[in-house]
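**Student:** Quick one: structure below, then a few questions.
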Amino acid sequence: MSSISQDHDVRIVGLITAHQADLAAYINSLLPGDSSAADVLQRTNLVLWKKRDKFEIGTDFLAWGFSVARWEVKSFLKEQKRRSWLVVDEDLTRLVTDAAVEEAKEMPMSELRDALERCIAKLKPGEKELVTHRYYTDETLSDYAKNQGRPVTSLKTSLARIRSSLKRCIESIVLIESITEGGKE
Amino acid sequence: MRRVQLETRIQGLLDGTLPEDQVDALKSELSVSEEARRLYVQYARLHTALQFRSKEIQSLEKHSAKVTPFKKKLRKAPIRKLVAIAAAIALAGVPAVFLYGPKRPALAVFQTAPGTLYSLTHTSNFRFESDLLLDQGSRLTVTQGSVEIDFTSGVKSVLTAPSTILLKGAAHLYMDEGEAWFKVPEAARGFRVETDEQDIIDLGTVFGVRATAAENETHVIEGVVKVTSRAQSSAQEALSAGEARKTDASGNLVKIPYDPAGFLSALPSEIVRYEGALDVREGTRSLGKGGLSYTISRSVNTEPNVDGYIGELVLNENAEQVIQFSRPVDLYISAPGRDIFTPSNENSPIWNSIDDYGHFTCAAEAEVSLTDPNNEIRLEKLSPGRYRWEFLSENTAENRFASKQKWEIKLGHTDRFSISKGQESQARTALRIGVISPSKGK
C-alpha cells in the first residue's frame with residue numbers, strides 16, 4: 001500500500017470515527033424505536049470503509065455518510081422483510097434527511113454531547129441514574145421497563161420529562177455560548 | 001398538534017412506545033411541518049447522545065473493574081461497533097495501532113451471528129475498550145449461536161455454541177468444550193489448539209475440532225494437521241485432508257468418519273432453525289448449530305432419551321422435569337412413535353392410561369392447543385400457563401401401546417416448560433418432546 005493511499009485510509013477512519021454519533025443519530029431518526037439501529041450503524045461503517053476509495057477528502061463526508069446510511073437502512077429493512085413508514089415514504093425521508101444534515105452542521109454531536117454532560121450534572125441523582133441506565137443497552141423502552149420490573153407508562157413519563165428539560169438546557173447552553181463567542185469577535 | 005403533544009409523541013416514537021394509532025398523526029405532522037421535523041431530528045440526536053454516553057460509562061466501569069464479565073443478549077446482526085472497522089483496517093494493512101492503542105493490536109476480534117449469547121472475561125492486563133476484542137487470557141463462552149474470530153495473525157475461526165475457549169497466546173488457543181472450524185494461512189503455520197484430550201498443531205490448513213465431555217475429535221478439511229493425544233504423547237499422527245480422529249478412553253487416537261459438513265465455516269445471517277427432538281437429559285444444551293440453547297434444571301423420577309431415542313421421556317410417579325429455553329419455541333408433546341419396553345405379552349403394557357395425570361406449566365401467553373382424534377387425553381387450564389393433564393383410556397384397553405396413540409399437545413411460543421406427575425399416578429407415562437426454534441408464533 002502506498003503512503004498516499006494509507007494516508008487517505010487513515011483520514012477516512014478519522015472521519016468515520018468522528019461522525020459516529022451523527023451517523024447513529026441519523027439512523028435512529030430513520031429507524032425510530034428500533035433496537036437494530038446499532039447494527040445498521042455497523043453495516044454503514046463497513047460500507048463506508050469498503051467504498052473509501054470513492055470518497056474525496058475535502059468533500060462533504062456527512063452527506064456521503066448519510067446517503068450510505070439511508071441505503072443501509074433500506075436494505076436492512078428489506079432483508080428483515082420489515083417496513084418502516086418513514087423509510088417507505090421517500091418524500092418524508094428526504095425531508096427528515098435535510099433536517100438531519102442541517103442540524104448536524106449547525107451543532108456537531110461533539111458540541112451537543114459536551115453540553116449534554118453539563119446538563120446531566122444538573123439533574124437529581126435519581127433522574128441521572130434513570131437516564132444513564134435506560135441507555136445501557138439497545139433495547140426498547142418497553143423491553144427495558146419489563147427487565148426492570150417497572151410499568152412502562154411511569155418510565156415513559158419520567159424519561160420524557162427529563163429529556164425535555166435536557167433539551168432545553170442544551171439549547172440554552174449553546175445559545176449562551178454563541179452569544180459569548182459572538183461578543184468576543 | 002400542540003408542541004407538548006408533539007414532543008411527547010416524538011419521544012414515544014423514538015422509544016418505540018408510541019401507539020399505532022398515533023403514529024400516522026405524527027407522520028402527517030412531520031410531512032407538513034418543518035418545525036416538527038426539526039424537533040424530531042433534535043430528539044433523535046439527544047436520544048443518540050444519551051445512548052453514546054451510557055455506552056461510554058459502561059465501558060469505563062468495565063475497564064475499571066479489570067476483570068470483565070458481561071453477557072450480550074440476542075444480537076440481531078453479526079457486526080457491531082467500530083471493531084468491524086478495526087478488523088477491516090487490520091486486513092487492509094493500515095497500522096492497527098490507529099484504533100487499537102499505542103502499543104500493539106489485540107490478538108483477535110470477533111463478531112457474532114444473530115441471536116448469539118456469550119460471556120467474556122479478560123485478565124487484569126486487558127486494556128482495550130471494545131467489547132469484541134480478545135487478548136491473551138480472554139475467555140469466551142458462547143452459550144447460543146456462533147461467533148467468528150479473526151486473529152491478527154490471519155487465522156480465522158468459527159465457533160459454535162456451546163463452546164468455551166481461552167486465548168493463551170497469538171497462536172495458541174485452549175478449547176474447554178465446543179465445536180470450531182479453523183482456517184490457518186501459510187503465514188500462521190504452527191497455530192495450536194488444545195482440548196482436554198488432544199493437542200492439535202496446524203501445518204497450514206483448514207480443520208475442525210469438536211470437544212465434548214464425552215469425546216474430542218479433529219477433522220482435517222484441507223492440508224495437514226499434527227494431532228497428539230494429551231494422555232499418551234506417543235499417540236501422535238499427521239492427518240491429511242479427509243481424515244478424522246478421536247481420542248478413546250485409553251488415550252489412543254482412533255479413526256472416525258470424516259464429517260466436514262458438521263462445522264460451520266461462516267456465520268449464518270439469521271438464527272439457525274431447529275426442528276426436531278429435544279434431548280431431555282438434565283443440563284444445558286444447544287441445538288440447530290447453536291441457534292437455541294436450553295437448560296433442564298430438574299429431572300426427577302424420569303427416564304430421559306429412552307434406549308438412546310432422543311426426545312423420549314418416561315415419567316414415573318411423582319416425576320418432575322423443568323426446562324428453560326433461551327428464546328420462545330414451539331413445543332410438541334405426543335406419545336412416542338414406537339413401543340417402549342414392549343414385553344412379550346402384547347396386552348399387558350398400558351401406557352398413558354387412566355392412572356396417569358399431572359400438571360404442566362408454560363409461559364402464560366403461550367398458545368396451548370390439543371389434537372386428540374381418539375379422545376385419549378384431557379387438558380384442563382387451571383390458570384394462565386398452568387394446566388392439568390390426564391389420560392382417559394381404561395388401562396384394560398387393548399393395544400394401549402404408545403405408538404398407537406394419536407394425541408398431540410402443542411405449546412406455541414413458550415420459553416419454559418415443566419411437567420410433573422401426581423404422587424398416586426402409578427402408571428408410566430411415555431412422551432416424545434419435539435421443538436421448533438425459533439417459534440413460528442408471534
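Letters for chains follow the order of the C-alpha cells (A, B, ...), residue numbers begin at 1 for each chain, and ligand numbers begin at 1 in the order shown.
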Do me a favour and pick out the residues of chain A within 8 Å of chain B, using only C-alpha atoms, as a VMD selection string.

**Tutor:** chain A and resid 1 6 9 to 10 17 21 to 22 24 to 26 28 to 29 32 to 34 36 38 to 39 41 to 43 45 to 46 49 86 92 95 to 96 99 to 100 103 109 112 to 113 116 131 to 133 135 to 138 140 to 142 156 160 163 to 164 167

**Student:** Mind dumping the selected residues with C-alpha atoms as an mmCIF file, in the first residue's frame?

**Tutor:**
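In the end it all went to selection.cif:
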data_model
loop_
_atom_site.group_PDB
_atom_site.id
_atom_site.type_symbol
_atom_site.label_atom_id
_atom_site.label_comp_id
_atom_site.auth_asym_id
_atom_site.auth_seq_id
_atom_site.Cartn_x
_atom_site.Cartn_y
_atom_site.Cartn_z
ATOM 1 C CA MET A 1 0.000 0.000 0.000
ATOM 2 C CA GLN A 6 -2.502 4.815 3.555
ATOM 3 C CA ASP A 9 -7.352 5.471 4.689
ATOM 4 C CA VAL A 10 -6.260 6.953 7.992
ATOM 5 C CA THR A 17 -14.874 7.760 13.902
ATOM 6 C CA ALA A 21 -22.708 9.854 16.713
ATOM 7 C CA ASP A 22 -24.024 11.884 13.757
ATOM 8 C CA ALA A 24 -26.097 6.941 14.639
ATOM 9 C CA ALA A 25 -28.489 9.859 15.227
ATOM 10 C CA TYR A 26 -29.467 9.867 11.574
ATOM 11 C CA ASN A 28 -32.080 6.439 14.790
ATOM 12 C CA SER A 29 -34.217 9.047 13.073
ATOM 13 C CA PRO A 32 -37.134 5.217 15.500
ATOM 14 C CA GLY A 33 -37.544 2.903 18.463
ATOM 15 C CA ASP A 34 -35.773 0.069 16.689
ATOM 16 C CA SER A 36 -31.458 -2.740 15.266
ATOM 17 C CA ALA A 38 -26.820 -0.018 16.270
ATOM 18 C CA ASP A 39 -26.383 -2.921 13.877
ATOM 19 C CA LEU A 41 -24.649 1.716 12.030
ATOM 20 C CA GLN A 42 -22.022 -1.016 11.873
ATOM 21 C CA ARG A 43 -23.146 -2.073 8.430
ATOM 22 C CA ASN A 45 -19.360 1.752 8.839
ATOM 23 C CA LEU A 46 -18.297 -1.288 6.874
ATOM 24 C CA TRP A 49 -14.826 1.609 4.702
ATOM 25 C CA LEU A 86 -40.760 6.677 7.462
ATOM 26 C CA LEU A 92 -40.693 12.296 4.181
ATOM 27 C CA LEU A 95 -37.319 15.977 4.337
ATOM 28 C CA VAL A 96 -36.050 14.318 7.520
ATOM 29 C CA ALA A 99 -33.332 18.448 8.621
ATOM 30 C CA ALA A 100 -30.737 15.969 9.900
ATOM 31 C CA GLU A 103 -28.868 20.046 12.441
ATOM 32 C CA MET A 109 -22.694 15.961 18.029
ATOM 33 C CA LEU A 112 -24.179 18.560 21.789
ATOM 34 C CA ARG A 113 -22.565 15.884 23.909
ATOM 35 C CA LEU A 116 -25.428 17.294 27.493
ATOM 36 C CA VAL A 131 -31.294 8.419 32.064
ATOM 37 C CA THR A 132 -27.955 6.595 32.277
ATOM 38 C CA HIS A 133 -29.238 3.089 32.824
ATOM 39 C CA TYR A 135 -29.444 3.591 27.561
ATOM 40 C CA TYR A 136 -27.047 0.921 28.800
ATOM 41 C CA THR A 137 -28.399 -1.468 26.182
ATOM 42 C CA ASP A 138 -30.040 -1.002 22.779
ATOM 43 C CA THR A 140 -36.600 -0.552 23.508
ATOM 44 C CA LEU A 141 -38.198 1.250 26.430
ATOM 45 C CA SER A 142 -40.856 -1.471 26.736
ATOM 46 C CA LYS A 156 -42.123 6.863 29.774
ATOM 47 C CA ALA A 160 -39.985 12.333 28.591
ATOM 48 C CA ARG A 163 -35.280 14.608 28.137
ATOM 49 C CA SER A 164 -37.388 17.715 27.571
ATOM 50 C CA LYS A 167 -33.094 19.543 25.539
#

**Student:** Run DSSP on the backbone and grab whatever in region 222-253 of chain B lands in strand (DSSP E or B); send it over as a ChimeraX atom specification.

**Tutor:** /B:222,224-229,236-240,244-247,253

**Student:** Using only all heavy atoms, please write the residues we just selected to a file, as a CSV table (one decimal), in the first residue's frame.

**Tutor:**
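Now in part33.csv:
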chain,number,residue,atom,x,y,z
B,222,GLU,N,-8.5,-29.5,4.8
B,222,GLU,CA,-7.5,-29.2,3.8
B,222,GLU,C,-6.2,-29.2,4.5
B,222,GLU,O,-6.0,-28.9,5.7
B,222,GLU,CB,-7.7,-27.8,3.3
B,222,GLU,CG,-8.8,-27.6,2.2
B,222,GLU,CD,-8.9,-26.1,1.8
B,222,GLU,OE1,-7.9,-25.4,1.9
B,222,GLU,OE2,-10.0,-25.7,1.5
B,224,VAL,N,-2.6,-30.3,6.2
B,224,VAL,CA,-2.1,-31.3,7.2
B,224,VAL,C,-2.1,-30.8,8.6
B,224,VAL,O,-1.8,-29.6,8.8
B,224,VAL,CB,-0.6,-31.8,6.8
B,224,VAL,CG1,-0.1,-32.8,7.8
B,224,VAL,CG2,-0.6,-32.3,5.4
B,225,VAL,N,-2.5,-31.6,9.5
B,225,VAL,CA,-2.5,-31.2,10.9
B,225,VAL,C,-1.8,-32.3,11.8
B,225,VAL,O,-2.0,-33.5,11.5
B,225,VAL,CB,-4.0,-31.1,11.4
B,225,VAL,CG1,-4.2,-31.3,12.8
B,225,VAL,CG2,-4.6,-29.7,10.9
B,226,LYS,N,-1.1,-31.9,12.8
B,226,LYS,CA,-0.5,-32.9,13.7
B,226,LYS,C,-1.3,-33.0,14.9
B,226,LYS,O,-1.5,-32.0,15.6
B,226,LYS,CB,1.0,-32.5,14.0
B,226,LYS,CG,1.7,-33.6,14.7
B,226,LYS,CD,3.2,-33.2,14.9
B,226,LYS,CE,3.4,-32.4,16.1
B,226,LYS,NZ,4.7,-32.0,16.4
B,227,VAL,N,-1.8,-34.2,15.2
B,227,VAL,CA,-2.6,-34.4,16.4
B,227,VAL,C,-1.9,-35.3,17.4
B,227,VAL,O,-1.4,-36.3,17.0
B,227,VAL,CB,-4.0,-35.0,16.1
B,227,VAL,CG1,-4.8,-35.2,17.3
B,227,VAL,CG2,-4.7,-34.2,15.0
B,228,THR,N,-1.8,-34.8,18.6
B,228,THR,CA,-1.2,-35.6,19.7
B,228,THR,C,-2.2,-35.9,20.8
B,228,THR,O,-2.9,-34.9,21.2
B,228,THR,CB,0.1,-34.9,20.3
B,228,THR,OG1,0.9,-34.5,19.2
B,228,THR,CG2,0.8,-35.8,21.2
B,229,SER,N,-2.2,-37.1,21.3
B,229,SER,CA,-3.1,-37.4,22.4
B,229,SER,C,-2.5,-36.8,23.7
B,229,SER,O,-1.3,-37.1,23.9
B,229,SER,CB,-3.3,-38.9,22.6
B,229,SER,OG,-3.8,-39.2,23.8
B,236,GLN,N,0.5,-40.0,18.3
B,236,GLN,CA,0.6,-38.8,17.5
B,236,GLN,C,0.5,-39.2,16.0
B,236,GLN,O,1.0,-40.2,15.6
B,236,GLN,CB,2.0,-38.2,17.8
B,236,GLN,CG,2.2,-36.9,17.2
B,236,GLN,CD,3.6,-36.4,17.5
B,236,GLN,OE1,4.6,-36.6,16.8
B,236,GLN,NE2,3.8,-35.7,18.7
B,237,GLU,N,-0.2,-38.3,15.3
B,237,GLU,CA,-0.4,-38.6,13.9
B,237,GLU,C,-0.4,-37.3,13.1
B,237,GLU,O,-0.9,-36.3,13.6
B,237,GLU,CB,-1.7,-39.3,13.7
B,237,GLU,CG,-1.7,-40.8,13.9
B,237,GLU,CD,-3.0,-41.5,13.4
B,237,GLU,OE1,-3.2,-41.5,12.2
B,237,GLU,OE2,-3.8,-42.0,14.3
B,238,ALA,N,0.1,-37.4,11.9
B,238,ALA,CA,-0.1,-36.2,11.0
B,238,ALA,C,-1.3,-36.6,10.1
B,238,ALA,O,-1.3,-37.6,9.3
B,238,ALA,CB,1.1,-36.0,10.1
B,239,LEU,N,-2.4,-35.8,10.2
B,239,LEU,CA,-3.6,-36.1,9.5
B,239,LEU,C,-3.7,-35.3,8.2
B,239,LEU,O,-3.4,-34.1,8.3
B,239,LEU,CB,-4.8,-35.9,10.3
B,239,LEU,CG,-5.0,-36.6,11.7
B,239,LEU,CD1,-6.3,-36.2,12.3
B,239,LEU,CD2,-4.9,-38.1,11.5
B,240,SER,N,-4.1,-35.9,7.2
B,240,SER,CA,-4.3,-35.2,5.9
B,240,SER,C,-5.8,-34.9,5.7
B,240,SER,O,-6.6,-35.4,6.4
B,240,SER,CB,-3.7,-36.0,4.7
B,240,SER,OG,-2.4,-36.3,5.0
B,244,ALA,N,-10.0,-38.0,10.0
B,244,ALA,CA,-10.6,-37.6,11.3
B,244,ALA,C,-10.2,-38.6,12.4
B,244,ALA,O,-10.1,-39.8,12.1
B,244,ALA,CB,-12.1,-37.4,11.3
B,245,ARG,N,-9.9,-38.0,13.6
B,245,ARG,CA,-9.5,-38.9,14.7
B,245,ARG,C,-10.2,-38.4,16.0
B,245,ARG,O,-10.3,-37.2,16.2
B,245,ARG,CB,-8.0,-38.9,15.0
B,245,ARG,CG,-7.2,-39.4,13.8
B,245,ARG,CD,-7.2,-40.9,13.7
B,245,ARG,NE,-6.3,-41.4,12.7
B,245,ARG,CZ,-6.6,-41.5,11.4
B,245,ARG,NH1,-7.8,-41.1,11.0
B,245,ARG,NH2,-5.7,-42.0,10.5
B,246,LYS,N,-10.5,-39.4,16.8
B,246,LYS,CA,-11.0,-39.0,18.2
B,246,LYS,C,-10.0,-39.7,19.2
B,246,LYS,O,-9.2,-40.6,18.8
B,246,LYS,CB,-12.4,-39.4,18.4
B,246,LYS,CG,-12.6,-40.9,18.6
B,246,LYS,CD,-14.0,-41.2,19.1
B,246,LYS,CE,-14.2,-42.7,19.3
B,246,LYS,NZ,-15.5,-43.1,19.8
B,247,THR,N,-10.1,-39.3,20.4
B,247,THR,CA,-9.3,-40.0,21.4
B,247,THR,C,-10.2,-40.9,22.2
B,247,THR,O,-11.3,-40.6,22.6
B,247,THR,CB,-8.7,-38.9,22.4
B,247,THR,OG1,-8.4,-37.7,21.7
B,247,THR,CG2,-7.5,-39.4,23.1
B,253,LEU,N,-5.5,-42.5,19.6
B,253,LEU,CA,-6.2,-41.8,18.5
B,253,LEU,C,-6.9,-42.9,17.7
B,253,LEU,O,-6.3,-43.8,17.2
B,253,LEU,CB,-5.2,-41.0,17.7
B,253,LEU,CG,-4.5,-39.9,18.4
B,253,LEU,CD1,-3.5,-39.2,17.5
B,253,LEU,CD2,-5.5,-38.8,18.8

**Student:** Using DSSP secondary structure from the backbone, list all helix (DSSP H, G or I) positions within region 25-171 of chain A, as number ranges by chain.

**Tutor:** A: 25-30, 37-50, 52-54, 61-79, 85-88, 90-106, 109-120, 125-133, 141-148, 152-171

**Student:** Can those selected residues be exported to a file as a compact mmCIF listing (two decimals), in the first residue's frame so that it contains C-alpha atoms?

**Tutor:**
# COMPACT_ATOMS: atom_id res chain seq x y z
CA ALA A 25 -28.49 9.86 15.23
CA TYR A 26 -29.47 9.87 11.57
CA ILE A 27 -30.07 6.10 11.58
CA ASN A 28 -32.08 6.44 14.79
CA SER A 29 -34.22 9.05 13.07
CA LEU A 30 -34.90 6.61 10.21
CA ALA A 37 -30.21 0.81 14.71
CA ALA A 38 -26.82 -0.02 16.27
CA ASP A 39 -26.38 -2.92 13.88
CA VAL A 40 -27.26 -0.78 10.88
CA LEU A 41 -24.65 1.72 12.03
CA GLN A 42 -22.02 -1.02 11.87
CA ARG A 43 -23.15 -2.07 8.43
CA THR A 44 -22.88 1.55 7.39
CA ASN A 45 -19.36 1.75 8.84
CA LEU A 46 -18.30 -1.29 6.87
CA VAL A 47 -19.74 0.02 3.62
CA LEU A 48 -18.10 3.40 4.16
CA TRP A 49 -14.83 1.61 4.70
CA LYS A 50 -15.22 -0.66 1.68
CA ARG A 52 -13.48 4.59 0.92
CA ASP A 53 -11.75 4.97 -2.43
CA LYS A 54 -14.86 6.66 -3.79
CA PHE A 61 -18.41 13.50 4.42
CA LEU A 62 -21.73 13.80 6.23
CA ALA A 63 -23.71 13.92 3.00
CA TRP A 64 -21.90 10.81 1.77
CA GLY A 65 -22.25 9.08 5.14
CA PHE A 66 -25.96 9.83 5.37
CA SER A 67 -26.62 8.58 1.84
CA VAL A 68 -24.83 5.31 2.64
CA ALA A 69 -26.69 5.04 5.95
CA ARG A 70 -30.02 5.64 4.26
CA TRP A 71 -29.28 2.92 1.75
CA GLU A 72 -28.22 0.54 4.50
CA VAL A 73 -31.43 1.20 6.45
CA LYS A 74 -33.45 0.36 3.36
CA SER A 75 -31.53 -2.79 2.57
CA PHE A 76 -31.67 -3.88 6.22
CA LEU A 77 -35.45 -3.49 6.29
CA LYS A 78 -35.72 -5.39 3.03
CA GLU A 79 -33.61 -8.27 4.37
CA TRP A 85 -43.46 4.07 7.46
CA LEU A 86 -40.76 6.68 7.46
CA VAL A 87 -38.40 4.91 5.07
CA VAL A 88 -41.23 3.80 2.80
CA GLU A 90 -39.48 8.68 0.20
CA ASP A 91 -40.61 12.30 0.41
CA LEU A 92 -40.69 12.30 4.18
CA THR A 93 -37.32 10.53 4.36
CA ARG A 94 -35.85 13.24 2.15
CA LEU A 95 -37.32 15.98 4.34
CA VAL A 96 -36.05 14.32 7.52
CA THR A 97 -32.64 13.86 5.89
CA ASP A 98 -32.50 17.57 5.02
CA ALA A 99 -33.33 18.45 8.62
CA ALA A 100 -30.74 15.97 9.90
CA VAL A 101 -27.98 17.39 7.67
CA GLU A 102 -28.86 20.91 8.73
CA GLU A 103 -28.87 20.05 12.44
CA ALA A 104 -25.59 18.14 12.19
CA LYS A 105 -23.94 21.12 10.55
CA GLU A 106 -25.40 23.63 12.97
CA MET A 109 -22.69 15.96 18.03
CA SER A 110 -19.42 16.63 19.86
CA GLU A 111 -20.81 20.03 20.96
CA LEU A 112 -24.18 18.56 21.79
CA ARG A 113 -22.56 15.88 23.91
CA ASP A 114 -20.41 18.41 25.80
CA ALA A 115 -23.50 20.45 26.59
CA LEU A 116 -25.43 17.29 27.49
CA GLU A 117 -22.80 16.36 30.06
CA ARG A 118 -23.13 19.73 31.76
CA CYS A 119 -26.92 19.47 31.75
CA ILE A 120 -26.92 15.94 33.15
CA PRO A 125 -29.40 11.69 41.33
CA GLY A 126 -32.45 9.52 40.59
CA GLU A 127 -33.01 11.23 37.26
CA LYS A 128 -29.35 10.89 36.37
CA GLU A 129 -29.42 7.21 37.15
CA LEU A 130 -32.55 6.60 35.12
CA VAL A 131 -31.29 8.42 32.06
CA THR A 132 -27.95 6.59 32.28
CA HIS A 133 -29.24 3.09 32.82
CA LEU A 141 -38.20 1.25 26.43
CA SER A 142 -40.86 -1.47 26.74
CA ASP A 143 -38.19 -4.18 26.99
CA TYR A 144 -36.20 -2.06 29.40
CA ALA A 145 -39.26 -1.50 31.61
CA LYS A 146 -40.03 -5.22 31.53
CA ASN A 147 -36.49 -6.10 32.58
CA GLN A 148 -36.57 -3.51 35.35
CA VAL A 152 -43.63 1.33 31.05
CA THR A 153 -46.02 4.27 31.47
CA SER A 154 -44.28 5.60 34.55
CA LEU A 155 -40.84 5.27 32.94
CA LYS A 156 -42.12 6.86 29.77
CA THR A 157 -43.41 9.91 31.62
CA SER A 158 -40.28 10.34 33.74
CA LEU A 159 -37.97 9.98 30.76
CA ALA A 160 -39.99 12.33 28.59
CA ARG A 161 -39.83 14.98 31.29
CA ILE A 162 -36.09 14.54 31.84
CA ARG A 163 -35.28 14.61 28.14
CA SER A 164 -37.39 17.72 27.57
CA SER A 165 -35.53 19.50 30.33
CA LEU A 166 -32.18 18.27 28.97
CA LYS A 167 -33.09 19.54 25.54
CA ARG A 168 -33.98 22.99 26.88
CA CYS A 169 -30.80 23.05 28.96
CA ILE A 170 -28.63 22.14 25.93
CA GLU A 171 -30.27 24.81 23.81

**Student:** What does the distance between CA of Ser172 (chain A) and CA of Leu123 (chain A) come to in Å, to one decimal place?

**Tutor:** 15.4 Å

**Student:** Restricting the calculation to only C-alpha atoms: of B:Arg139, B:Arg298, B:His219, B:Lys404, which residue gets closest to Asn374 (chain B)?

**Tutor:** B:Lys404

**Student:** Between CA of Phe263 (chain B) and CA of Leu166 (chain B), what is the spacing in Å?

**Tutor:** 19.5 Å

**Student:** Pick out the closest residue to Phe360 (chain B) from this set: B:Phe417, B:Tyr174, B:Phe325, B:Trp407. Count only C-alpha atoms.

**Tutor:**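 Residue with the minimum atom-to-atom distance to Phe360 (chain B): B:Phe417.
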